[in-house]
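As provided, start06.tsv (TSV, C-alpha atoms) reads as follows.
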```
chain	number	residue	atom	x	y	z
A	76	MET	CA	0.00	0.00	0.00
A	77	ALA	CA	2.84	2.38	0.87
A	78	ARG	CA	4.49	1.72	-2.49
A	79	LYS	CA	1.22	2.32	-4.33
A	80	LYS	CA	0.65	5.61	-2.53
A	81	LYS	CA	4.20	6.69	-3.31
A	82	ALA	CA	3.76	5.78	-7.01
A	83	ASP	CA	0.49	7.72	-7.13
A	84	SER	CA	2.13	10.76	-5.57
A	85	ASP	CA	5.11	10.57	-7.95
A	86	ASN	CA	2.89	10.43	-11.04
A	87	PRO	CA	0.72	13.54	-11.30
A	88	GLY	CA	-2.80	13.05	-12.64
A	89	ARG	CA	-4.02	14.30	-15.97
A	90	LEU	CA	-5.61	17.42	-14.47
A	91	LYS	CA	-2.40	18.30	-12.65
A	92	GLN	CA	-0.42	17.83	-15.86
A	93	ILE	CA	-2.83	20.14	-17.69
A	94	ALA	CA	-2.45	22.72	-14.93
A	95	LEU	CA	1.35	22.55	-15.13
A	96	THR	CA	1.23	22.86	-18.91
A	97	TYR	CA	-1.07	25.87	-18.62
A	98	LYS	CA	1.30	27.60	-16.17
A	99	MET	CA	4.25	26.93	-18.47
A	100	THR	CA	2.32	28.25	-21.46
A	101	ARG	CA	1.13	31.35	-19.61
A	102	ARG	CA	4.72	32.37	-18.90
A	103	ALA	CA	5.32	32.73	-22.64
A	104	ASP	CA	1.73	33.54	-23.72
A	105	ARG	CA	0.03	35.79	-21.16
A	106	TRP	CA	-3.21	35.99	-23.19
A	107	ILE	CA	-3.76	32.23	-23.24
A	108	GLY	CA	-6.59	32.35	-20.68
A	109	TRP	CA	-8.57	35.00	-22.56
A	110	VAL	CA	-8.00	33.27	-25.88
A	111	LEU	CA	-9.25	29.91	-24.59
A	112	ALA	CA	-12.26	31.52	-22.90
A	113	GLY	CA	-13.14	33.35	-26.11
A	114	ILE	CA	-12.82	30.23	-28.23
A	115	GLY	CA	-14.89	28.15	-25.83
A	116	LEU	CA	-17.72	30.65	-25.30
A	117	GLY	CA	-17.77	31.68	-28.95
A	118	THR	CA	-18.02	28.10	-30.19
A	119	PHE	CA	-20.65	27.15	-27.63
A	120	GLY	CA	-22.70	30.27	-28.35
A	121	ALA	CA	-22.62	29.71	-32.11
A	122	VAL	CA	-23.73	26.08	-31.86
A	123	LEU	CA	-26.39	26.93	-29.26
A	124	GLY	CA	-27.77	29.60	-31.59
A	125	ILE	CA	-28.09	26.97	-34.30
A	126	GLY	CA	-29.91	24.77	-31.79
A	127	PHE	CA	-32.53	27.48	-31.13
A	128	LEU	CA	-33.04	27.91	-34.86
A	129	LEU	CA	-33.59	24.18	-35.25
A	130	GLY	CA	-35.90	24.03	-32.23
A	131	HIS	CA	-33.63	21.68	-30.21
A	132	PRO	CA	-31.60	23.98	-27.95
A	133	ILE	CA	-30.92	21.38	-25.22
A	134	TYR	CA	-29.70	18.60	-27.49
A	135	VAL	CA	-27.69	20.91	-29.76
A	136	GLY	CA	-26.48	22.87	-26.72
A	137	PHE	CA	-24.98	19.70	-25.23
A	138	LEU	CA	-23.36	18.99	-28.58
A	139	GLY	CA	-22.09	22.57	-28.68
A	140	PHE	CA	-20.52	22.14	-25.24
A	141	MET	CA	-18.59	19.10	-26.46
A	142	ILE	CA	-17.49	20.90	-29.63
A	143	ALA	CA	-16.36	23.89	-27.55
A	144	LEU	CA	-14.25	21.64	-25.32
A	145	LEU	CA	-12.67	20.08	-28.40
A	146	ALA	CA	-11.90	23.49	-29.90
A	147	VAL	CA	-10.36	24.70	-26.63
A	148	ALA	CA	-8.22	21.54	-26.40
A	149	ILE	CA	-6.94	21.96	-29.97
A	150	ILE	CA	-6.08	25.65	-29.56
A	151	PHE	CA	-4.52	25.05	-26.15
A	152	GLY	CA	-2.36	22.24	-27.54
A	153	ARG	CA	-1.08	24.38	-30.40
A	154	ARG	CA	-0.29	27.40	-28.24
A	155	ALA	CA	1.33	25.22	-25.58
A	156	GLU	CA	3.55	23.68	-28.25
A	157	ARG	CA	4.44	27.13	-29.57
A	158	ALA	CA	5.29	28.31	-26.05
A	159	ALA	CA	7.46	25.25	-25.45
A	160	PHE	CA	9.40	25.91	-28.65
A	161	SER	CA	9.90	29.57	-27.73
A	162	GLN	CA	11.43	28.54	-24.40
A	163	MET	CA	13.61	25.86	-26.03
A	164	GLU	CA	14.86	28.22	-28.76
A	165	GLY	CA	18.61	28.67	-28.55
A	166	GLN	CA	19.07	26.04	-25.83
A	167	PRO	CA	21.69	23.32	-26.47
A	168	GLY	CA	20.05	20.05	-27.48
A	169	ALA	CA	16.73	21.64	-28.49
A	170	ALA	CA	16.89	20.21	-32.02
A	171	ALA	CA	17.77	16.79	-30.61
A	172	ALA	CA	14.64	16.89	-28.43
A	173	VAL	CA	12.48	17.65	-31.48
A	174	LEU	CA	14.07	14.94	-33.62
A	175	GLU	CA	13.81	12.36	-30.85
A	176	ASN	CA	10.03	12.81	-30.85
A	177	ILE	CA	9.82	11.97	-34.58
A	178	LYS	CA	9.65	8.24	-33.98
A	179	ARG	CA	7.44	7.16	-36.86
A	180	GLY	CA	9.66	5.84	-39.65
A	181	PHE	CA	12.87	7.50	-38.39
A	182	VAL	CA	15.91	6.27	-36.48
A	183	PHE	CA	17.56	9.11	-34.55
A	184	THR	CA	21.21	9.28	-33.47
A	185	PRO	CA	22.27	12.37	-31.47
A	186	ALA	CA	25.63	14.13	-31.68
A	187	VAL	CA	27.26	12.19	-34.52
A	188	ALA	CA	29.68	15.12	-34.91
A	189	ILE	CA	30.73	17.79	-32.43
A	190	ASN	CA	33.57	20.30	-32.05
A	191	ARG	CA	35.24	22.09	-29.14
A	192	GLN	CA	32.84	25.03	-29.42
A	193	GLN	CA	29.92	22.62	-28.77
A	194	ASP	CA	28.49	22.94	-32.28
A	195	VAL	CA	26.79	19.61	-32.87
A	196	VAL	CA	25.31	17.59	-35.72
A	197	HIS	CA	22.52	15.04	-35.20
A	198	ARG	CA	21.47	12.33	-37.64
A	199	ALA	CA	18.06	10.93	-38.53
A	200	VAL	CA	17.58	8.06	-40.99
A	201	GLY	CA	14.17	7.55	-42.57
A	202	LYS	CA	12.39	6.81	-45.82
A	203	CYS	CA	13.57	10.18	-47.15
A	204	GLY	CA	17.20	9.13	-46.70
A	205	ILE	CA	19.64	10.69	-44.22
A	206	VAL	CA	18.94	14.00	-42.50
A	207	LEU	CA	21.78	15.84	-40.78
A	208	VAL	CA	20.65	18.59	-38.41
A	209	GLY	CA	23.13	21.09	-36.99
A	210	GLU	CA	22.89	23.28	-33.88
A	211	GLY	CA	25.33	26.09	-33.22
A	212	ASN	CA	27.39	28.55	-35.25
A	213	PRO	CA	26.36	28.32	-38.94
A	214	ASN	CA	29.88	28.83	-40.31
A	215	ARG	CA	31.42	26.14	-38.13
A	216	LEU	CA	28.46	23.83	-38.73
A	217	ARG	CA	29.00	23.90	-42.49
A	218	THR	CA	32.47	22.47	-41.90
A	219	LEU	CA	31.09	19.78	-39.59
A	220	LEU	CA	28.30	18.89	-42.00
A	221	GLY	CA	30.70	18.67	-44.93
A	222	ALA	CA	33.04	16.38	-43.02
A	223	GLU	CA	30.16	14.15	-41.92
A	224	LYS	CA	28.87	13.89	-45.50
A	225	ARG	CA	32.29	12.82	-46.76
A	226	ARG	CA	32.56	10.26	-43.97
A	227	MET	CA	29.14	8.77	-44.75
A	228	ALA	CA	29.82	8.70	-48.50
A	229	ARG	CA	32.22	5.80	-47.89
A	230	VAL	CA	29.35	3.44	-47.04
A	231	VAL	CA	26.09	5.04	-48.23
A	232	SER	CA	26.96	7.03	-51.34
A	233	ASP	CA	23.70	6.00	-53.05
A	234	VAL	CA	21.37	7.43	-50.34
A	235	PRO	CA	19.98	11.00	-50.43
A	236	VAL	CA	21.46	13.25	-47.73
A	237	TYR	CA	19.79	16.46	-46.51
A	238	ASP	CA	21.48	18.95	-44.21
A	239	ILE	CA	19.58	21.41	-42.03
A	240	ILE	CA	20.91	24.17	-39.79
A	241	VAL	CA	18.53	25.22	-37.03
A	242	GLY	CA	18.13	28.98	-36.68
A	243	LYS	CA	16.20	32.04	-37.77
A	244	ASP	CA	18.53	33.41	-40.43
A	245	GLU	CA	18.10	33.02	-44.18
A	246	GLY	CA	18.58	29.45	-45.35
A	247	GLN	CA	18.02	28.06	-41.85
A	248	VAL	CA	15.02	26.28	-40.34
A	249	GLU	CA	13.32	27.53	-37.17
A	250	LEU	CA	13.09	25.06	-34.32
A	251	LYS	CA	9.28	25.07	-34.38
A	252	LYS	CA	9.31	24.16	-38.09
A	253	LEU	CA	11.98	21.46	-37.86
A	254	ARG	CA	9.58	18.55	-37.41
A	255	SER	CA	7.35	19.53	-40.34
A	256	LYS	CA	10.43	20.21	-42.51
A	257	VAL	CA	11.77	16.70	-41.91
A	258	MET	CA	8.37	15.03	-42.31
A	259	LYS	CA	7.78	16.74	-45.68
A	260	LEU	CA	10.96	15.40	-47.29
A	261	PRO	CA	10.21	13.03	-50.21
A	262	ARG	CA	10.08	9.32	-49.36
A	263	VAL	CA	12.42	7.28	-51.55
A	264	LEU	CA	13.49	4.33	-49.35
A	265	GLN	CA	11.60	1.24	-48.25
A	266	GLY	CA	11.37	0.28	-44.58
A	267	GLY	CA	13.95	-2.51	-44.85
A	268	ARG	CA	16.35	-0.19	-46.65
A	269	VAL	CA	16.10	2.33	-43.78
A	270	THR	CA	17.22	-0.32	-41.30
A	271	GLU	CA	20.07	-1.38	-43.60
A	272	VAL	CA	21.34	2.19	-44.04
A	273	ASN	CA	21.21	2.88	-40.31
A	274	ASP	CA	23.06	-0.36	-39.51
A	275	ARG	CA	25.80	0.50	-42.02
A	276	LEU	CA	26.20	3.97	-40.51
A	277	ARG	CA	26.40	2.57	-36.99
A	278	ALA	CA	28.95	-0.02	-38.11
A	279	MET	CA	30.98	2.74	-39.75
A	280	GLY	CA	31.05	4.65	-36.47
A	281	ASP	CA	32.24	1.56	-34.59
A	282	LEU	CA	34.93	0.85	-37.15
A	283	MET	CA	36.21	4.44	-37.08
A	284	GLY	CA	36.30	4.45	-33.28
A	285	ASN	CA	38.10	1.11	-33.00
A	286	MET	CA	40.45	1.46	-35.97
A	287	PRO	CA	43.99	0.38	-34.95
A	288	LEU	CA	47.10	2.37	-35.86
A	289	PRO	CA	48.81	1.13	-39.03
A	290	LYS	CA	51.98	-0.90	-38.51
A	291	GLY	CA	55.32	-0.21	-40.16
A	292	PRO	CA	56.99	3.11	-41.04
A	293	MET	CA	54.75	6.18	-41.03
A	294	PRO	CA	54.29	8.16	-44.25
A	295	LYS	CA	56.35	11.29	-44.67
A	296	GLY	CA	54.78	14.41	-43.20
A	297	MET	CA	52.57	12.47	-40.75
A	298	LYS	CA	53.23	13.01	-37.05
A	299	MET	CA	52.41	10.56	-34.29
A	300	PRO	CA	50.99	11.91	-31.00
A	301	LYS	CA	53.59	11.94	-28.22
A	302	SER	CA	51.40	9.72	-26.05
A	303	GLN	CA	51.71	6.95	-28.66
A	304	MET	CA	55.47	7.33	-29.31
A	305	PRO	CA	58.04	5.00	-27.70
A	306	LYS	CA	59.29	6.38	-24.38
A	307	GLY	CA	62.80	6.96	-25.69
A	308	GLN	CA	61.54	9.21	-28.50
A	309	ARG	CA	59.03	11.41	-26.66
A	310	GLY	CA	61.52	14.06	-25.74
A	311	ARG	CA	62.94	14.46	-29.25
```

Output the file's structure in the form of structure tokens.
Amino acid sequence: MARKKKADSDNPGRLKQIALTYKMTRRADRWIGWVLAGIGLGTFGAVLGIGFLLGHPIYVGFLGFMIALLAVAIIFGRRAERAAFSQMEGQPGAAAAVLENIKRGFVFTPAVAINRQQDVVHRAVGKCGIVLVGEGNPNRLRTLLGAEKRRMARVVSDVPVYDIIVGKDEGQVELKKLRSKVMKLPRVLQGGRVTEVNDRLRAMGDLMGNMPLPKGPMPKGMKMPKSQMPKGQRGR
């Protein structure tokens, strides 16, 4: 019983979740209460008026109440989503959070490329092909994206690759439009092909990470890190 009570207290009910979502939305959208009230009353009033014209105000009024609730729920959901995106905008990992929620038909891998300045590239594989999404400085991201494309070309040169930089400048995609942008890309691969491409990319990552150093003399112009040099040669 104690465990059950603790589990119930740890998991807020649906009404509490709605209340928390409303508070979060109101911080970014202070008119949300008035908007929802206007939508609800306006919808109910319009349907009730139709009910009086038809001579069935009670029946149609009940139907109008249900329609008003549905309209309020739809508008609230959209504005809550917009508020969430506005608060996530510019935060590290925001694009990854959006991509991770696109589960239908896509396999998401976060941070396939990253630099010292914390610019990062994420990868999603779906029926459209491969989508690379970058977060950070646009100039540095173009270098990261180019390097990642060349790396992938070794194993999946026949698969379409799209690159997206998240931002508000020209040629970039806003965070709130990222999901729709990815979902609207043309579908060219079958389901089994998606799995194959993703497996090949994952295998490529494992091979690159575990690749041993070549044996024998090193090519001219190539330097070995001091940590990997024989002890007697480190000071030279």

Exercise. For Gly136 of chain A, work out the shell of residues within 12 Å, counting only C-alpha atoms and skipping chain neighbours fewer than 2 positions away, then give it as a list in words.
Key: Leu116, Thr118, Phe119, Gly120, Ala121, Val122, Leu123, Gly124, Ile125, Gly126, Phe127, Leu128, Leu129, Gly130, His131, Pro132, Ile133, Tyr134, Leu138, Gly139, Phe140, Met141, Ile142 and Ala143 of chain A

Quiz item: Smallest atom-to-atom distance to Lys252 of chain A: which of A:Leu219, A:Met279, A:Ala188, A:Ala170, using all atoms listed in the file?
Solution: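 Among A:Leu219, A:Met279, A:Ala188, A:Ala170, it is A:Ala170 that comes nearest to Lys252 of chain A.
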
Self-check item: d(atom CA of Gly108 of chain A, atom CA of Gln166 of chain A) in Å
Solution: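 Pair atom CA of Gly108 of chain A / atom CA of Gln166 of chain A returns 26.9 Å.
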
Quiz prompt | Selection: 12 Å around Glu156 of chain A, only C-alpha atoms, excl. self and same-chain fewer than 2 positions, as a VMD selection string | solution = chain A and resid 96 to 97 99 to 101 103 to 104 149 to 154 158 to 163 173 250 to 252

Quiz item: Can you tell me how far atom CA of Val257 of chain A sits from atom CA of Val206 of chain A, in Å to one decimal?
Solution: 7.7 Å

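Look at Val230 of chain A: the protein and nucleic acid residues within 8 Å of it, using only C-alpha atoms and passing over chain neighbours fewer than 2 places away, are Met227, Ala228, Ser232, Arg275, Leu276 and Met279 of chain A.
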